[in-house]
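Below: final_0.txt (compact mmCIF, C-alpha atoms and all ligand atoms)
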```txt
# COMPACT_ATOMS: atom_id res chain seq x y z
CA MET F 1170 -192.35 102.81 60.50
CA GLY F 1171 -190.73 106.12 61.07
CA TYR F 1172 -187.87 107.02 63.28
CA LYS F 1173 -186.37 109.97 65.06
CA ASN F 1174 -182.91 111.35 65.43
CA ILE F 1175 -182.03 112.52 68.89
CA CYS F 1176 -179.13 114.54 70.23
CA LEU F 1177 -178.26 113.76 73.84
CA GLU F 1178 -176.08 116.87 74.09
CA CYS F 1179 -178.78 119.33 73.10
CA ARG F 1180 -181.65 117.18 74.39
CA THR F 1181 -183.55 117.57 71.13
CA SER F 1182 -185.24 115.19 68.73
CA TYR F 1183 -185.92 115.47 65.02
CA SER F 1184 -188.44 113.39 63.09
CA LYS F 1185 -186.75 111.86 60.10
CA GLY F 1186 -189.29 110.53 57.65
CA ASN F 1187 -191.11 107.26 57.54
CA ASP F 1188 -188.77 104.90 55.77
CA TYR F 1189 -187.10 102.74 58.37
CA GLN F 1190 -185.17 100.83 55.71
CA ASN F 1191 -183.44 103.98 54.52
CA GLN F 1192 -182.64 105.61 57.79
CA VAL F 1193 -180.19 108.43 57.58
CA GLU F 1194 -177.69 109.11 60.30
CA SER F 1195 -177.04 112.79 60.50
CA ASN F 1196 -175.30 115.28 62.67
CA CYS F 1197 -177.05 117.58 65.07
CA PRO F 1198 -177.80 120.98 63.47
CA GLN F 1199 -177.06 122.63 66.81
CA CYS F 1200 -173.87 121.03 68.12
CA GLY F 1201 -172.70 119.02 65.10
CA LYS F 1202 -172.41 115.75 67.00
CA LYS F 1203 -173.68 112.55 65.48
CA MET F 1204 -177.30 111.98 66.44
CA ILE F 1205 -178.82 108.68 67.50
CA LEU F 1206 -181.63 106.98 65.63
CA VAL F 1207 -184.50 105.84 67.79
CA ASN F 1208 -187.96 104.44 67.14
CA HIS F 1209 -190.58 106.99 66.13
CA LYS F 1210 -192.60 106.05 69.22
CA PHE F 1211 -190.00 107.74 71.37
CA LYS F 1212 -191.48 110.76 73.09
CA PRO F 1213 -188.73 113.21 73.91
CA PRO F 1214 -188.82 114.72 77.39
CA LYS F 1215 -188.80 118.48 77.72
CA LYS F 1216 -185.41 120.07 77.20
CA SER F 1217 -185.38 121.15 80.84
CA ASP F 1218 -186.25 117.65 82.04
CA THR F 1219 -182.67 116.55 82.59
CA LYS F 1220 -183.68 113.57 84.77
CA ASN F 1221 -185.65 111.99 81.97
CA TRP F 1222 -182.95 112.76 79.45
CA GLU F 1223 -180.49 111.02 81.78
CA MET F 1224 -182.73 107.96 81.59
CA VAL F 1225 -182.88 108.22 77.79
CA LYS F 1226 -179.09 108.42 77.66
CA LEU F 1227 -178.70 105.36 79.87
CA LEU F 1228 -181.10 103.36 77.71
CA VAL F 1229 -179.57 104.43 74.42
CA GLU F 1230 -176.05 103.71 75.67
CA ASN F 1231 -177.21 100.21 76.53
CA GLY F 1232 -178.50 99.61 73.05
CA PHE F 1233 -182.17 100.30 73.58
CA LYS F 1234 -183.70 102.42 70.80
CA PHE F 1235 -187.27 102.51 72.08
CA GLN F 1236 -188.46 99.54 70.09
CA ALA F 1237 -191.38 97.56 71.41
CA VAL F 1238 -189.84 94.85 73.57
CA TYR F 1239 -191.39 91.46 74.11
CA GLU F 1240 -190.25 88.89 76.58
CA GLN F 1241 -190.77 85.28 75.68
CA ILE F 1242 -192.54 83.61 78.60
CA GLU F 1243 -192.75 80.24 76.96
CA LYS F 1244 -192.59 78.95 73.40
CA GLY F 1245 -194.85 81.13 71.26
CA LEU F 1246 -195.99 83.29 74.16
CA PHE F 1247 -194.67 86.81 74.37
CA LEU F 1248 -195.37 89.45 76.95
CA LYS F 1249 -194.91 93.09 76.12
CA VAL F 1250 -192.34 94.75 78.36
CA ASN F 1251 -193.40 98.26 79.29
CA SER F 1252 -190.96 101.02 78.50
CA PRO F 1253 -189.36 102.46 81.61
CA LYS F 1254 -190.78 105.65 83.08
CA ASN F 1255 -187.94 106.64 85.36
CA LEU F 1256 -184.29 105.97 86.05
CA ASN F 1257 -184.93 103.05 88.40
CA ASP F 1258 -187.28 101.44 85.88
CA ALA F 1259 -184.62 101.99 83.26
CA LYS F 1260 -182.01 100.11 85.28
CA GLU F 1261 -184.37 97.14 85.71
CA PHE F 1262 -185.24 97.32 82.05
CA ILE F 1263 -181.61 97.20 81.00
CA LYS F 1264 -181.08 94.13 83.20
CA LYS F 1265 -183.97 92.53 81.35
CA ILE F 1266 -182.46 93.37 77.98
CA GLN F 1267 -179.09 92.03 79.14
CA SER F 1268 -180.73 88.77 80.15
CA LEU F 1269 -182.32 88.50 76.70
CA LYS F 1270 -178.90 89.04 75.19
CA SER F 1271 -177.38 86.37 77.39
CA LEU F 1272 -179.71 83.81 75.82
CA ASN F 1273 -176.91 83.45 73.32
CA ILE F 1274 -178.47 85.87 70.87
CA SER F 1275 -176.21 88.47 69.36
CA HIS F 1276 -177.08 92.11 69.84
CA THR F 1277 -178.19 92.39 66.22
CA SER F 1278 -180.59 89.50 66.33
CA VAL F 1279 -182.05 90.83 69.56
CA SER F 1280 -182.91 94.05 67.73
CA ILE F 1281 -184.43 92.06 64.88
CA LEU F 1282 -186.42 90.02 67.36
CA PHE F 1283 -187.81 93.23 68.80
CA VAL F 1284 -188.75 94.59 65.38
CA ASN F 1285 -190.39 91.33 64.30
CA ALA F 1286 -192.31 91.11 67.53
CA LYS F 1287 -193.59 94.62 66.91
CA ASP F 1288 -194.65 93.76 63.37
CA CYS F 1289 -196.67 90.84 64.71
CA ASN F 1290 -198.51 93.26 66.90
CA ASN F 1291 -199.67 95.40 63.99
ZN ZN S 1 -176.76 118.61 69.50
```
How does the structure come out when it is put into C-alpha cells?
Ligand SMILES: [Zn+2]
Amino acid sequence: MGYKNICLECRTSYSKGNDYQNQVESNCPQCGKKMILVNHKFKPPKKSDTKNWEMVKLLVENGFKFQAVYEQIEKGLFLKVNSPKNLNDAKEFIKKIQSLKSLNISHTSVSILFVNAKDCNN
C-alpha cells in the first residue's frame, strides 16, 4: 500500500513510495508546512478546484485519510461506505465516522479497523 503527502495550503499532493509501514512525514517543498499523509487512493482535485480542496480539508481535519471505510451492519457483515464527492456528502460522512467512533472505539483502533477491512477486500 502506498500513500501520498498532501499540502492543504498549496493544494498539492506528492506520491511517497509504497511502504505504508515506513511512512515519512515531510514538509511541503513549496511552503514548508508539515504535509498530511493520506491513502494512495486519494485523487487530488485540481489546484484551482478550491471547493473540492475545502472538502478534503474538512475530511482530513476530522481524521479521515481516505482509507476504505466499512460500516458494520451486523456481526460479520460490512458495507463499504462510499467516499464523499462533495461538501454535503463530506458532512454526512464525518457524522458516520463520528458514530463509529462513539461505539467506544478509540480513534486509533477505528483507523486500524478501516485498514483491516481494506485488507480483507484485497
Ligand atoms: Zn505547501
At a cut-off of 9 Å around ligand ZN 1 (chain S), and using all atoms listed in the file, what residues come up? Please write them as a short mmCIF file (atom, residue, chain, number, x, y, z; two decimals) with C-alpha atoms, in the frame of the given file.
```
data_model
loop_
_atom_site.label_atom_id
_atom_site.label_comp_id
_atom_site.auth_asym_id
_atom_site.auth_seq_id
_atom_site.Cartn_x
_atom_site.Cartn_y
_atom_site.Cartn_z
CA ILE F 1175 -182.03 112.52 68.89
CA CYS F 1176 -179.13 114.54 70.23
CA LEU F 1177 -178.26 113.76 73.84
CA GLU F 1178 -176.08 116.87 74.09
CA CYS F 1179 -178.78 119.33 73.10
CA ARG F 1180 -181.65 117.18 74.39
CA THR F 1181 -183.55 117.57 71.13
CA ASN F 1196 -175.30 115.28 62.67
CA CYS F 1197 -177.05 117.58 65.07
CA PRO F 1198 -177.80 120.98 63.47
CA GLN F 1199 -177.06 122.63 66.81
CA CYS F 1200 -173.87 121.03 68.12
CA GLY F 1201 -172.70 119.02 65.10
CA LYS F 1202 -172.41 115.75 67.00
CA LYS F 1203 -173.68 112.55 65.48
CA MET F 1204 -177.30 111.98 66.44
#
```
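Candidate residues F:Tyr1239, F:Trp1222, F:Tyr1172, F:Tyr1183 were compared for distance to Phe1262 in chain F, and the nearest is F:Tyr1239, using all atoms listed in the file.
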Using all atoms listed in the file: which of F:Leu1256, F:Ile1242, F:Ile1263, F:Leu1248 has the shortest distance to Glu1230 in chain F |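 Distance minimum relative to Glu1230 in chain F lands on F:Ile1263.
Nearest residue to Gly1171 in chain F, choosing from F:Asn1221, F:Lys1226, F:Glu1194, F:Asn1208 and counting all atoms listed in the file: F:Asn1208.
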Give the answer as one residue: which of F:Leu1228, F:Lys1173, F:Phe1233, F:Lys1244 has the shortest atom-to-atom distance to His1209 in chain F, using only C-alpha atoms?
->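 Closest to His1209 in chain F of all the choices is F:Lys1173.
Among the candidate residues F:Gly1232, F:Asn1255, F:Ile1205, F:Leu1246, the one lying nearest to Lys1220 in chain F is F:Asn1255, with distances computed using all atoms listed in the file.
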What separation in Å, quoted to one decimal, exists between CA of Ser1195 in chain F and CA of Gln1267 in chain F?
->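 According to the coordinates, CA of Ser1195 in chain F and CA of Gln1267 in chain F are separated by 28.0 Å.
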What is the CA of Asn1174 in chain F to CA of Pro1214 in chain F distance in Å?
-> 13.8 Å
Could you add whatever atoms are missing so that range 1231-1242 of chain F carries all heavy atoms, then write the result as a PDB file, in the frame of the given file?
```pdb
ATOM      1  N   ASN F1231    -177.136 101.650  76.350  1.00  0.00           N
ATOM      2  CA  ASN F1231    -177.210 100.210  76.530  1.00  0.00           C
ATOM      3  C   ASN F1231    -177.907  99.511  75.362  1.00  0.00           C
ATOM      4  O   ASN F1231    -178.332  98.367  75.465  1.00  0.00           O
ATOM      5  CB  ASN F1231    -177.905  99.869  77.845  1.00  0.00           C
ATOM      6  CG  ASN F1231    -176.973 100.054  79.021  1.00  0.00           C
ATOM      7  OD1 ASN F1231    -176.176  99.169  79.319  1.00  0.00           O
ATOM      8  ND2 ASN F1231    -177.046 101.201  79.663  1.00  0.00           N
ATOM      9  N   GLY F1232    -178.039 100.243  74.278  1.00  0.00           N
ATOM     10  CA  GLY F1232    -178.500  99.610  73.050  1.00  0.00           C
ATOM     11  C   GLY F1232    -180.005  99.599  72.855  1.00  0.00           C
ATOM     12  O   GLY F1232    -180.514  98.993  71.925  1.00  0.00           O
ATOM     13  N   PHE F1233    -180.723 100.270  73.738  1.00  0.00           N
ATOM     14  CA  PHE F1233    -182.170 100.300  73.580  1.00  0.00           C
ATOM     15  C   PHE F1233    -182.586 101.522  72.783  1.00  0.00           C
ATOM     16  O   PHE F1233    -182.274 102.646  73.155  1.00  0.00           O
ATOM     17  CB  PHE F1233    -182.869 100.300  74.947  1.00  0.00           C
ATOM     18  CG  PHE F1233    -184.368 100.365  74.847  1.00  0.00           C
ATOM     19  CD1 PHE F1233    -185.067  99.368  74.191  1.00  0.00           C
ATOM     20  CD2 PHE F1233    -185.065 101.424  75.388  1.00  0.00           C
ATOM     21  CE1 PHE F1233    -186.452  99.421  74.076  1.00  0.00           C
ATOM     22  CE2 PHE F1233    -186.463 101.485  75.285  1.00  0.00           C
ATOM     23  CZ  PHE F1233    -187.148 100.481  74.629  1.00  0.00           C
ATOM     24  N   LYS F1234    -183.297 101.320  71.677  1.00  0.00           N
ATOM     25  CA  LYS F1234    -183.700 102.420  70.800  1.00  0.00           C
ATOM     26  C   LYS F1234    -185.212 102.608  70.794  1.00  0.00           C
ATOM     27  O   LYS F1234    -185.786 102.995  69.804  1.00  0.00           O
ATOM     28  CB  LYS F1234    -183.185 102.157  69.372  1.00  0.00           C
ATOM     29  CG  LYS F1234    -181.662 101.962  69.275  1.00  0.00           C
ATOM     30  CD  LYS F1234    -180.910 103.258  69.515  1.00  0.00           C
ATOM     31  CE  LYS F1234    -179.408 103.080  69.552  1.00  0.00           C
ATOM     32  NZ  LYS F1234    -178.833 102.683  68.281  1.00  0.00           N
ATOM     33  N   PHE F1235    -185.835 102.287  71.898  1.00  0.00           N
ATOM     34  CA  PHE F1235    -187.270 102.510  72.080  1.00  0.00           C
ATOM     35  C   PHE F1235    -188.134 101.681  71.124  1.00  0.00           C
ATOM     36  O   PHE F1235    -189.205 102.094  70.721  1.00  0.00           O
ATOM     37  CB  PHE F1235    -187.604 104.010  71.998  1.00  0.00           C
ATOM     38  CG  PHE F1235    -186.937 104.763  73.124  1.00  0.00           C
ATOM     39  CD1 PHE F1235    -185.658 105.249  72.973  1.00  0.00           C
ATOM     40  CD2 PHE F1235    -187.575 104.906  74.330  1.00  0.00           C
ATOM     41  CE1 PHE F1235    -185.020 105.897  74.024  1.00  0.00           C
ATOM     42  CE2 PHE F1235    -186.954 105.549  75.385  1.00  0.00           C
ATOM     43  CZ  PHE F1235    -185.673 106.047  75.232  1.00  0.00           C
ATOM     44  N   GLN F1236    -187.618 100.502  70.801  1.00  0.00           N
ATOM     45  CA  GLN F1236    -188.460  99.540  70.090  1.00  0.00           C
ATOM     46  C   GLN F1236    -189.493  98.998  71.078  1.00  0.00           C
ATOM     47  O   GLN F1236    -189.339  99.112  72.283  1.00  0.00           O
ATOM     48  CB  GLN F1236    -187.660  98.326  69.589  1.00  0.00           C
ATOM     49  CG  GLN F1236    -186.316  98.596  68.967  1.00  0.00           C
ATOM     50  CD  GLN F1236    -185.208  98.546  69.982  1.00  0.00           C
ATOM     51  OE1 GLN F1236    -185.369  98.961  71.121  1.00  0.00           O
ATOM     52  NE2 GLN F1236    -184.059  98.064  69.559  1.00  0.00           N
ATOM     53  N   ALA F1237    -190.506  98.341  70.533  1.00  0.00           N
ATOM     54  CA  ALA F1237    -191.380  97.560  71.410  1.00  0.00           C
ATOM     55  C   ALA F1237    -190.597  96.322  71.812  1.00  0.00           C
ATOM     56  O   ALA F1237    -189.951  95.691  70.986  1.00  0.00           O
ATOM     57  CB  ALA F1237    -192.649  97.169  70.678  1.00  0.00           C
ATOM     58  N   VAL F1238    -190.596  95.989  73.084  1.00  0.00           N
ATOM     59  CA  VAL F1238    -189.840  94.850  73.570  1.00  0.00           C
ATOM     60  C   VAL F1238    -190.795  93.788  74.099  1.00  0.00           C
ATOM     61  O   VAL F1238    -191.700  94.090  74.870  1.00  0.00           O
ATOM     62  CB  VAL F1238    -188.854  95.265  74.681  1.00  0.00           C
ATOM     63  CG1 VAL F1238    -188.110  94.049  75.224  1.00  0.00           C
ATOM     64  CG2 VAL F1238    -187.867  96.276  74.150  1.00  0.00           C
ATOM     65  N   TYR F1239    -190.576  92.565  73.648  1.00  0.00           N
ATOM     66  CA  TYR F1239    -191.390  91.460  74.110  1.00  0.00           C
ATOM     67  C   TYR F1239    -190.499  90.423  74.765  1.00  0.00           C
ATOM     68  O   TYR F1239    -189.420  90.123  74.285  1.00  0.00           O
ATOM     69  CB  TYR F1239    -192.146  90.813  72.945  1.00  0.00           C
ATOM     70  CG  TYR F1239    -193.199  91.723  72.375  1.00  0.00           C
ATOM     71  CD1 TYR F1239    -192.844  92.727  71.480  1.00  0.00           C
ATOM     72  CD2 TYR F1239    -194.515  91.597  72.759  1.00  0.00           C
ATOM     73  CE1 TYR F1239    -193.799  93.590  70.966  1.00  0.00           C
ATOM     74  CE2 TYR F1239    -195.482  92.446  72.254  1.00  0.00           C
ATOM     75  CZ  TYR F1239    -195.121  93.444  71.363  1.00  0.00           C
ATOM     76  OH  TYR F1239    -196.066  94.294  70.863  1.00  0.00           O
ATOM     77  N   GLU F1240    -190.976  89.913  75.854  1.00  0.00           N
ATOM     78  CA  GLU F1240    -190.250  88.890  76.580  1.00  0.00           C
ATOM     79  C   GLU F1240    -190.951  87.563  76.299  1.00  0.00           C
ATOM     80  O   GLU F1240    -192.169  87.474  76.390  1.00  0.00           O
ATOM     81  CB  GLU F1240    -190.329  89.223  78.065  1.00  0.00           C
ATOM     82  CG  GLU F1240    -189.520  88.338  78.949  1.00  0.00           C
ATOM     83  CD  GLU F1240    -189.641  88.799  80.408  1.00  0.00           C
ATOM     84  OE1 GLU F1240    -190.589  89.546  80.729  1.00  0.00           O
ATOM     85  OE2 GLU F1240    -188.802  88.406  81.202  1.00  0.00           O
ATOM     86  N   GLN F1241    -190.155  86.575  75.942  1.00  0.00           N
ATOM     87  CA  GLN F1241    -190.770  85.280  75.680  1.00  0.00           C
ATOM     88  C   GLN F1241    -190.971  84.532  76.995  1.00  0.00           C
ATOM     89  O   GLN F1241    -190.023  84.199  77.689  1.00  0.00           O
ATOM     90  CB  GLN F1241    -189.894  84.453  74.737  1.00  0.00           C
ATOM     91  CG  GLN F1241    -190.596  83.183  74.303  1.00  0.00           C
ATOM     92  CD  GLN F1241    -189.962  82.531  73.094  1.00  0.00           C
ATOM     93  OE1 GLN F1241    -188.852  82.858  72.695  1.00  0.00           O
ATOM     94  NE2 GLN F1241    -190.655  81.588  72.503  1.00  0.00           N
ATOM     95  N   ILE F1242    -192.214  84.301  77.352  1.00  0.00           N
ATOM     96  CA  ILE F1242    -192.540  83.610  78.600  1.00  0.00           C
ATOM     97  C   ILE F1242    -192.379  82.113  78.422  1.00  0.00           C
ATOM     98  O   ILE F1242    -191.803  81.419  79.232  1.00  0.00           O
ATOM     99  CB  ILE F1242    -194.000  83.918  79.037  1.00  0.00           C
ATOM    100  CG1 ILE F1242    -194.261  85.417  79.050  1.00  0.00           C
ATOM    101  CG2 ILE F1242    -194.309  83.302  80.390  1.00  0.00           C
ATOM    102  CD1 ILE F1242    -193.382  86.205  79.985  1.00  0.00           C
TER     103      ILE F1242
END
```
